[in-house]
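Structure file final-v2.pdb; described as PDB, C-alpha atoms.
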```pdb
ATOM      1  CA  ALA A 316      22.474  -4.491  -2.391
ATOM      2  CA  ILE A 317      19.005  -5.069  -0.982
ATOM      3  CA  ALA A 318      20.383  -7.154   1.879
ATOM      4  CA  ALA A 319      22.706  -4.272   2.830
ATOM      5  CA  VAL A 320      19.762  -1.887   3.172
ATOM      6  CA  LEU A 321      16.904  -4.017   4.514
ATOM      7  CA  PRO A 322      16.982  -6.254   7.593
ATOM      8  CA  ASP A 323      15.467  -9.699   7.330
ATOM      9  CA  PRO A 324      11.670  -9.479   7.539
ATOM     10  CA  ASP A 325       9.686 -11.550  10.023
ATOM     11  CA  VAL A 326       8.196 -13.573   7.170
ATOM     12  CA  VAL A 327       8.345 -13.557   3.365
ATOM     13  CA  ALA A 328       5.843 -14.397   0.645
ATOM     14  CA  GLY A 329       5.687 -14.134  -3.124
ATOM     15  CA  HIS A 330       3.191 -14.055  -5.953
ATOM     16  CA  SER A 331       3.806 -17.007  -8.315
ATOM     17  CA  LEU A 332       7.450 -16.785  -9.454
ATOM     18  CA  GLY A 333       8.043 -14.304  -6.628
ATOM     19  CA  GLU A 334       8.008 -17.206  -4.169
ATOM     20  CA  LEU A 335      11.264 -18.470  -5.648
ATOM     21  CA  SER A 336      12.829 -15.034  -5.228
ATOM     22  CA  ALA A 337      11.571 -14.837  -1.642
ATOM     23  CA  ALA A 338      12.939 -18.283  -0.788
ATOM     24  CA  ALA A 339      16.339 -17.465  -2.291
ATOM     25  CA  ALA A 340      16.472 -14.149  -0.428
ATOM     26  CA  MET A 341      16.025 -16.082   2.820
ATOM     27  CA  GLY A 342      18.868 -18.474   2.019
ATOM     28  CA  ALA A 343      16.937 -21.525   0.824
ATOM     29  CA  LEU A 344      18.879 -21.572  -2.435
ATOM     30  CA  ASP A 345      22.000 -19.944  -3.843
ATOM     31  CA  PRO A 346      20.894 -16.835  -5.808
ATOM     32  CA  VAL A 347      22.680 -17.922  -8.993
ATOM     33  CA  GLU A 348      21.077 -21.366  -8.841
ATOM     34  CA  ALA A 349      17.737 -19.677  -8.196
ATOM     35  CA  VAL A 350      18.098 -17.676 -11.423
ATOM     36  CA  HIS A 351      18.858 -20.856 -13.369
ATOM     37  CA  LEU A 352      15.891 -22.605 -11.745
ATOM     38  CA  ALA A 353      13.651 -19.653 -12.641
ATOM     39  CA  ALA A 354      14.773 -19.867 -16.275
ATOM     40  CA  LEU A 355      14.089 -23.604 -16.326
ATOM     41  CA  ARG A 356      10.692 -22.978 -14.733
ATOM     42  CA  GLY A 357       9.768 -20.669 -17.582
ATOM     43  CA  ALA A 358      10.987 -23.128 -20.205
ATOM     44  CA  VAL A 359       9.112 -26.163 -18.863
ATOM     45  CA  MET A 360       5.923 -24.162 -18.365
ATOM     46  CA  GLN A 361       6.134 -22.902 -21.941
ATOM     47  CA  ALA A 362       6.703 -26.440 -23.223
ATOM     48  CA  ALA A 363       3.681 -27.696 -21.271
ATOM     49  CA  SER A 364       1.513 -24.872 -22.605
ATOM     50  CA  GLU A 365       2.403 -25.817 -26.183
ATOM     51  CA  VAL A 366       1.070 -29.330 -25.563
ATOM     52  CA  ARG A 367      -2.169 -28.128 -23.940
ATOM     53  CA  ARG A 368      -2.834 -24.616 -25.192
ATOM     54  CA  GLY A 369      -4.920 -22.196 -23.235
ATOM     55  CA  GLY A 370      -4.861 -18.991 -21.268
ATOM     56  CA  LEU A 371      -5.985 -17.063 -18.221
ATOM     57  CA  CYS A 372      -8.880 -14.655 -17.695
ATOM     58  CA  ALA A 373      -9.450 -12.331 -14.703
ATOM     59  CA  ILE A 374     -13.068 -12.099 -13.547
ATOM     60  CA  ALA A 375     -15.113 -10.795 -10.641
ATOM     61  CA  PRO A 376     -15.369 -13.575  -8.016
ATOM     62  CA  ALA A 377     -19.162 -13.277  -8.045
ATOM     63  CA  ARG A 378     -19.134 -14.577 -11.645
ATOM     64  CA  LYS A 379     -17.021 -17.657 -10.818
ATOM     65  CA  GLU A 380     -19.713 -20.351 -11.029
ATOM     66  CA  GLU A 381     -21.191 -18.870 -14.184
ATOM     67  CA  ALA A 382     -17.772 -18.686 -15.823
ATOM     68  CA  LEU A 383     -16.839 -22.249 -14.857
ATOM     69  CA  ALA A 384     -20.139 -23.532 -16.219
ATOM     70  CA  LEU A 385     -19.528 -21.736 -19.516
ATOM     71  CA  ALA A 386     -15.983 -23.068 -19.817
ATOM     72  CA  GLY A 387     -16.686 -26.713 -19.082
ATOM     73  CA  ALA A 388     -14.738 -29.397 -17.266
ATOM     74  CA  GLU A 389     -11.277 -28.173 -18.266
ATOM     75  CA  ALA A 390     -11.637 -24.775 -16.585
ATOM     76  CA  PHE A 391      -9.951 -24.189 -13.226
ATOM     77  CA  VAL A 392      -9.148 -21.465 -10.715
ATOM     78  CA  ALA A 393      -5.544 -20.396 -11.362
ATOM     79  CA  LEU A 394      -5.113 -17.409  -9.047
ATOM     80  CA  ASP A 395      -7.138 -16.038  -6.159
ATOM     81  CA  ASN A 396      -5.649 -12.555  -6.214
ATOM     82  CA  ALA A 397      -7.973 -10.267  -4.308
ATOM     83  CA  PRO A 398     -11.575  -9.865  -3.117
ATOM     84  CA  ASP A 399     -12.338  -8.279  -6.496
ATOM     85  CA  GLU A 400     -10.261 -10.559  -8.745
ATOM     86  CA  LEU A 401     -10.208 -14.258  -9.478
ATOM     87  CA  VAL A 402      -8.249 -15.665 -12.414
ATOM     88  CA  LEU A 403      -9.526 -18.705 -14.297
ATOM     89  CA  GLY A 404      -7.583 -20.903 -16.678
ATOM     90  CA  ALA A 405      -8.985 -22.905 -19.564
ATOM     91  CA  PRO A 406      -8.345 -23.939 -23.188
ATOM     92  CA  GLU A 407      -8.265 -21.150 -25.773
ATOM     93  CA  ALA A 408     -11.900 -21.366 -26.926
ATOM     94  CA  ALA A 409     -13.200 -21.454 -23.364
ATOM     95  CA  ILE A 410     -11.111 -18.436 -22.355
ATOM     96  CA  ALA A 411     -12.564 -16.441 -25.225
ATOM     97  CA  THR A 412     -16.083 -17.419 -24.124
ATOM     98  CA  ILE A 413     -15.450 -16.466 -20.490
ATOM     99  CA  CYS A 414     -14.016 -13.078 -21.373
ATOM    100  CA  ARG A 415     -16.892 -12.328 -23.743
ATOM    101  CA  ARG A 416     -19.793 -13.593 -21.647
ATOM    102  CA  VAL A 417     -18.848 -12.543 -18.108
ATOM    103  CA  GLY A 418     -16.852  -9.398 -18.814
ATOM    104  CA  GLY A 419     -13.503 -10.949 -18.043
ATOM    105  CA  ARG A 420     -10.083  -9.543 -18.856
ATOM    106  CA  ARG A 421      -7.715 -11.860 -20.707
ATOM    107  CA  LEU A 422      -4.226 -11.851 -19.211
ATOM    108  CA  ASP A 423      -1.199 -11.446 -21.443
ATOM    109  CA  VAL A 424       0.292 -14.873 -20.722
ATOM    110  CA  ALA A 425       1.316 -17.758 -22.940
ATOM    111  CA  GLY A 426      -0.564 -20.652 -21.401
ATOM    112  CA  PRO A 427      -3.007 -22.113 -18.841
ATOM    113  CA  PHE A 428      -0.618 -21.693 -15.919
ATOM    114  CA  HIS A 429      -1.183 -22.904 -12.350
ATOM    115  CA  GLY A 430      -3.474 -25.720 -13.452
ATOM    116  CA  PRO A 431      -3.500 -29.374 -14.554
ATOM    117  CA  ALA A 432      -1.766 -28.649 -17.879
ATOM    118  CA  MET A 433       1.346 -27.720 -15.878
ATOM    119  CA  LEU A 434       1.719 -31.096 -14.118
ATOM    120  CA  PRO A 435       4.519 -32.218 -16.512
ATOM    121  CA  ALA A 436       6.298 -28.925 -15.797
ATOM    122  CA  ALA A 437       5.981 -29.490 -12.061
ATOM    123  CA  ALA A 438       7.517 -32.965 -12.419
ATOM    124  CA  GLU A 439      10.465 -31.618 -14.417
ATOM    125  CA  LEU A 440      10.965 -28.791 -11.964
ATOM    126  CA  ARG A 441      10.937 -31.193  -9.014
ATOM    127  CA  GLU A 442      13.605 -33.362 -10.667
ATOM    128  CA  ALA A 443      15.819 -30.350 -11.377
ATOM    129  CA  ALA A 444      15.309 -28.906  -7.906
ATOM    130  CA  SER A 445      16.302 -32.199  -6.290
ATOM    131  CA  SER A 446      19.804 -31.869  -7.772
ATOM    132  CA  LEU A 447      20.395 -28.497  -6.084
ATOM    133  CA  ARG A 448      21.602 -27.753  -2.565
ATOM    134  CA  TRP A 449      18.751 -26.414  -0.454
ATOM    135  CA  CYS A 450      19.026 -24.923   3.025
ATOM    136  CA  SER A 451      16.611 -24.065   5.798
ATOM    137  CA  LEU A 452      15.185 -20.569   5.504
ATOM    138  CA  ARG A 453      16.444 -17.803   7.808
ATOM    139  CA  ARG A 454      12.856 -16.581   8.043
ATOM    140  CA  PRO A 455       9.686 -18.508   7.140
ATOM    141  CA  LEU A 456       8.100 -18.421   3.689
ATOM    142  CA  LEU A 457       4.309 -18.358   3.602
ATOM    143  CA  SER A 458       3.412 -20.647   0.726
ATOM    144  CA  GLY A 459       0.780 -19.732  -1.847
ATOM    145  CA  VAL A 460       0.185 -23.448  -2.487
ATOM    146  CA  ASP A 461      -1.326 -24.296   0.907
ATOM    147  CA  VAL A 462      -0.998 -21.061   2.947
ATOM    148  CA  GLU A 463       1.413 -22.746   5.370
ATOM    149  CA  LEU A 464       4.608 -21.345   6.889
ATOM    150  CA  LEU A 465       7.671 -23.123   5.497
ATOM    151  CA  HIS A 466      10.965 -23.366   7.369
ATOM    152  CA  THR A 467      12.859 -26.378   6.058
ATOM    153  CA  ALA A 468      14.770 -27.006   2.850
ATOM    154  CA  ALA A 469      12.545 -29.974   1.988
ATOM    155  CA  ASP A 470       9.341 -27.989   2.389
ATOM    156  CA  ALA A 471      10.629 -25.077   0.293
ATOM    157  CA  ARG A 472      11.744 -27.414  -2.503
ATOM    158  CA  ASP A 473       8.429 -29.292  -2.441
ATOM    159  CA  ARG A 474       6.139 -26.236  -2.560
ATOM    160  CA  LEU A 475       8.180 -24.372  -5.173
ATOM    161  CA  SER A 476       8.022 -27.437  -7.423
ATOM    162  CA  ARG A 477       4.275 -27.901  -6.906
ATOM    163  CA  ALA A 478       3.446 -24.230  -7.311
ATOM    164  CA  VAL A 479       3.491 -24.164 -11.126
ATOM    165  CA  ALA A 480       0.545 -26.602 -11.271
ATOM    166  CA  SER A 481      -1.277 -25.307  -8.170
ATOM    167  CA  PRO A 482      -3.606 -22.326  -7.744
ATOM    168  CA  VAL A 483      -1.952 -19.197  -6.343
ATOM    169  CA  ARG A 484      -3.825 -18.448  -3.103
ATOM    170  CA  PHE A 485      -2.458 -14.921  -2.728
ATOM    171  CA  ARG A 486      -5.572 -13.406  -1.124
ATOM    172  CA  GLU A 487      -5.436 -16.057   1.608
ATOM    173  CA  VAL A 488      -1.689 -15.513   2.059
ATOM    174  CA  LEU A 489      -2.243 -11.817   2.734
ATOM    175  CA  GLN A 490      -5.158 -12.547   5.059
ATOM    176  CA  ARG A 491      -2.982 -14.892   7.111
ATOM    177  CA  LEU A 492      -0.104 -12.415   7.251
ATOM    178  CA  GLU A 493      -2.500  -9.808   8.626
ATOM    179  CA  ARG A 494      -3.877 -12.286  11.179
ATOM    180  CA  GLU A 495      -0.323 -13.154  12.223
ATOM    181  CA  GLY A 496       0.255  -9.501  13.054
ATOM    182  CA  ALA A 497       2.065  -8.155   9.974
ATOM    183  CA  ARG A 498       1.596  -4.387   9.824
ATOM    184  CA  THR A 499       4.312  -3.293   7.385
ATOM    185  CA  PHE A 500       4.731  -4.886   3.959
ATOM    186  CA  VAL A 501       7.746  -4.158   1.751
ATOM    187  CA  VAL A 502       7.321  -5.017  -1.938
ATOM    188  CA  VAL A 503      10.571  -5.874  -3.734
ATOM    189  CA  GLY A 504      10.143  -6.290  -7.480
ATOM    190  CA  PRO A 505       9.428  -4.541 -10.770
ATOM    191  CA  GLY A 506       6.207  -2.786 -11.682
ATOM    192  CA  ALA A 507       3.197  -2.007  -9.521
ATOM    193  CA  THR A 508       1.125  -5.203  -9.817
ATOM    194  CA  VAL A 509       1.970  -6.742  -6.444
ATOM    195  CA  ARG A 510       1.687  -3.429  -4.624
ATOM    196  CA  SER A 511      -1.750  -2.953  -6.177
ATOM    197  CA  LEU A 512      -2.819  -6.404  -4.995
ATOM    198  CA  LEU A 513      -1.669  -5.625  -1.455
ATOM    199  CA  ARG A 514      -3.612  -2.371  -1.394
ATOM    200  CA  ARG A 515      -6.735  -4.154  -2.683
ATOM    201  CA  ASN A 516      -6.435  -6.876  -0.030
ATOM    202  CA  LEU A 517      -5.308  -5.012   3.070
ATOM    203  CA  PRO A 518      -6.923  -2.255   5.145
ATOM    204  CA  ALA A 519      -5.635   1.284   4.772
ATOM    205  CA  SER A 520      -4.010   1.095   8.205
ATOM    206  CA  ILE A 521      -1.433  -1.393   6.877
ATOM    207  CA  ALA A 522       1.761   0.196   5.517
ATOM    208  CA  VAL A 523       2.716  -0.953   2.003
ATOM    209  CA  LEU A 524       6.194   0.192   1.002
ATOM    210  CA  THR A 525       8.173  -0.341  -2.209
TER     211      THR A 525
END
```
Could I get this file's structure written as structure tokens?
Amino acid sequence: AIAAVLPDPDVVAGHSLGELSAAAAMGALDPVEAVHLAALRGAVMQAASEVRRGGLCAIAPARKEEALALAGAEAFVALDNAPDELVLGAPEAAIATICRRVGGRRLDVAGPFHGPAMLPAAAELREAASSLRWCSLRRPLLSGVDVELLHTAADARDRLSRAVASPVRFREVLQRLEREGARTFVVVGPGATVRSLLRRNLPASIAVLT
């Protein structure tokens, strides 16, 4: 239904799981297989989080070094969302300390996603993805793993597998899209979270549609 209304964009991007949706929308993967891969992604990430429990906490970027020092060696940057929001991951006790000491906001998630604890999940996802039929994308996908434009089936499969254990560099993705000349952004998805992130990252002159 969406394809019947909207033309292909010049480039697509996604926030975390949204990258899989974006890649499928551009023909990298059959939509039904993409749904199955998304379900598997959730299952392997949950399994990994039960082995190494933890969580995520949103903080002001200016408090990053202080928060990392409080949390110790197992803390990591999970998501760089916006100029006013960085998300750190860490074990349970460290997350509680960060949120209490630096005024962070604990996210309602089940584990320390987008960090080292998810490496087993990334390996399982890569194995499952390798059994699927991937195609080149009709339009490029700007990856949140390395902020590079992806065109080929192999690149899409590689980045989508790595993404679960890699920081989400969404702020940088939006900065590059703006530098590349993007002036109209169309958000396809539930809720208002991604639209809010776009508005917090982009100047008012950029059109953000839903």
Considering only C-alpha atoms, state which residue in the set A:Ala436, A:Ala390, A:Ser331, A:Gly404 is at the smallest distance from Val366 of chain A.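 Comparing A:Ala436, A:Ala390, A:Ser331, A:Gly404 against Val366 of chain A, the winner is A:Ala436.
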Report as JSON, numbers by chain the residues that result from applying the PyMOL selection byres ((chain A and resi 364) around 9) to the structure here. {"A": [359, 360, 361, 362, 363, 365, 366, 367, 368, 369, 370, 425, 426, 427, 428, 432, 433]}
Residue neighbourhood segment 458-472 of chain A, 6 Å, only C-alpha atoms, exclusion window fewer than 3 positions, as a ChimeraX atom specification: /A:449-452,455,475,478,483-485,488
Could you check how far atom CA of Leu517 of chain A sits from atom CA of Glu495 of chain A, in Å to one decimal?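 Taking atom CA of Leu517 of chain A as the start and atom CA of Glu495 of chain A as the end point, the length is 13.2 Å.
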Written as number ranges by chain, what is the full residue list that the PyMOL selection byres ((chain A and resi 351-356) around 8) yields on the file shown? A: 332, 335, 347-350, 357-360, 436, 440, 443-444
Determine, counting only C-alpha atoms, which protein, DNA and RNA residues have an atom within 7 Å of an atom of Arg486 of chain A; residues of the same chain fewer than 5 positions away are not included. Present the result as a PyMOL selection string. chain A and resi 395-397+516
Shortest interatomic distance to Met341 of chain A - which of A:Asp423, A:Asp325, A:Asp399, A:Glu487, counting all atoms listed in the file: A:Asp325
I'd like to know which of A:Leu447, A:Leu457, A:Ala437, A:Ala339 is closest to Val326 of chain A, using all atoms listed in the file. A:Leu457
Output as JSON the centre and edge lengths (Å, one decimal) of the box along x, y and z of the file that holds every listed atom of segment 374-380 of chain A after adding 5 Å on each side.
```
{"center_x": -16.4, "center_y": -15.6, "center_z": -10.8, "size_x": 16.6, "size_y": 19.6, "size_z": 15.5}
```
Mind checking which residues fall within 12 Å of Thr412 of chain A, counting only C-alpha atoms, ignoring those fewer than 2 positions away in the same chain, and posting them as an MDAnalysis selection string? chainID A and resid 370:372 381:387 390 403:410 414:421
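Straight-line separation from atom CA of Val402 of chain A to atom CA of Ile374 of chain A: 6.1 Å.
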On this structure, which residues satisfy the PyMOL selection byres ((chain A and resi 502) around 8), written as a list in words? Phe500, Val501, Val503, Gly504, Val509, Arg510, Val523, Leu524 and Thr525 of chain A
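Computed from the coordinates, the atom CA of Val327 of chain A to atom CA of Arg454 of chain A distance equals 7.2 Å.
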Nearest residue to Glu400 of chain A from the set A:Ala388, A:Leu434, A:Leu512, A:Val424 (distances using all atoms listed in the file): A:Leu512
When you count only C-alpha atoms, which of these residues is closest to Arg477 of chain A: A:Glu380, A:Glu439, A:Asp323, A:Glu389?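 Closest residue, counting only C-alpha atoms: A:Glu439.
Of the listed residues A:Ala343, A:Ala438, A:Ala411, A:Leu422, the one whose atoms come nearest to Val479 of chain A is A:Ala438, with distances taken using only C-alpha atoms.
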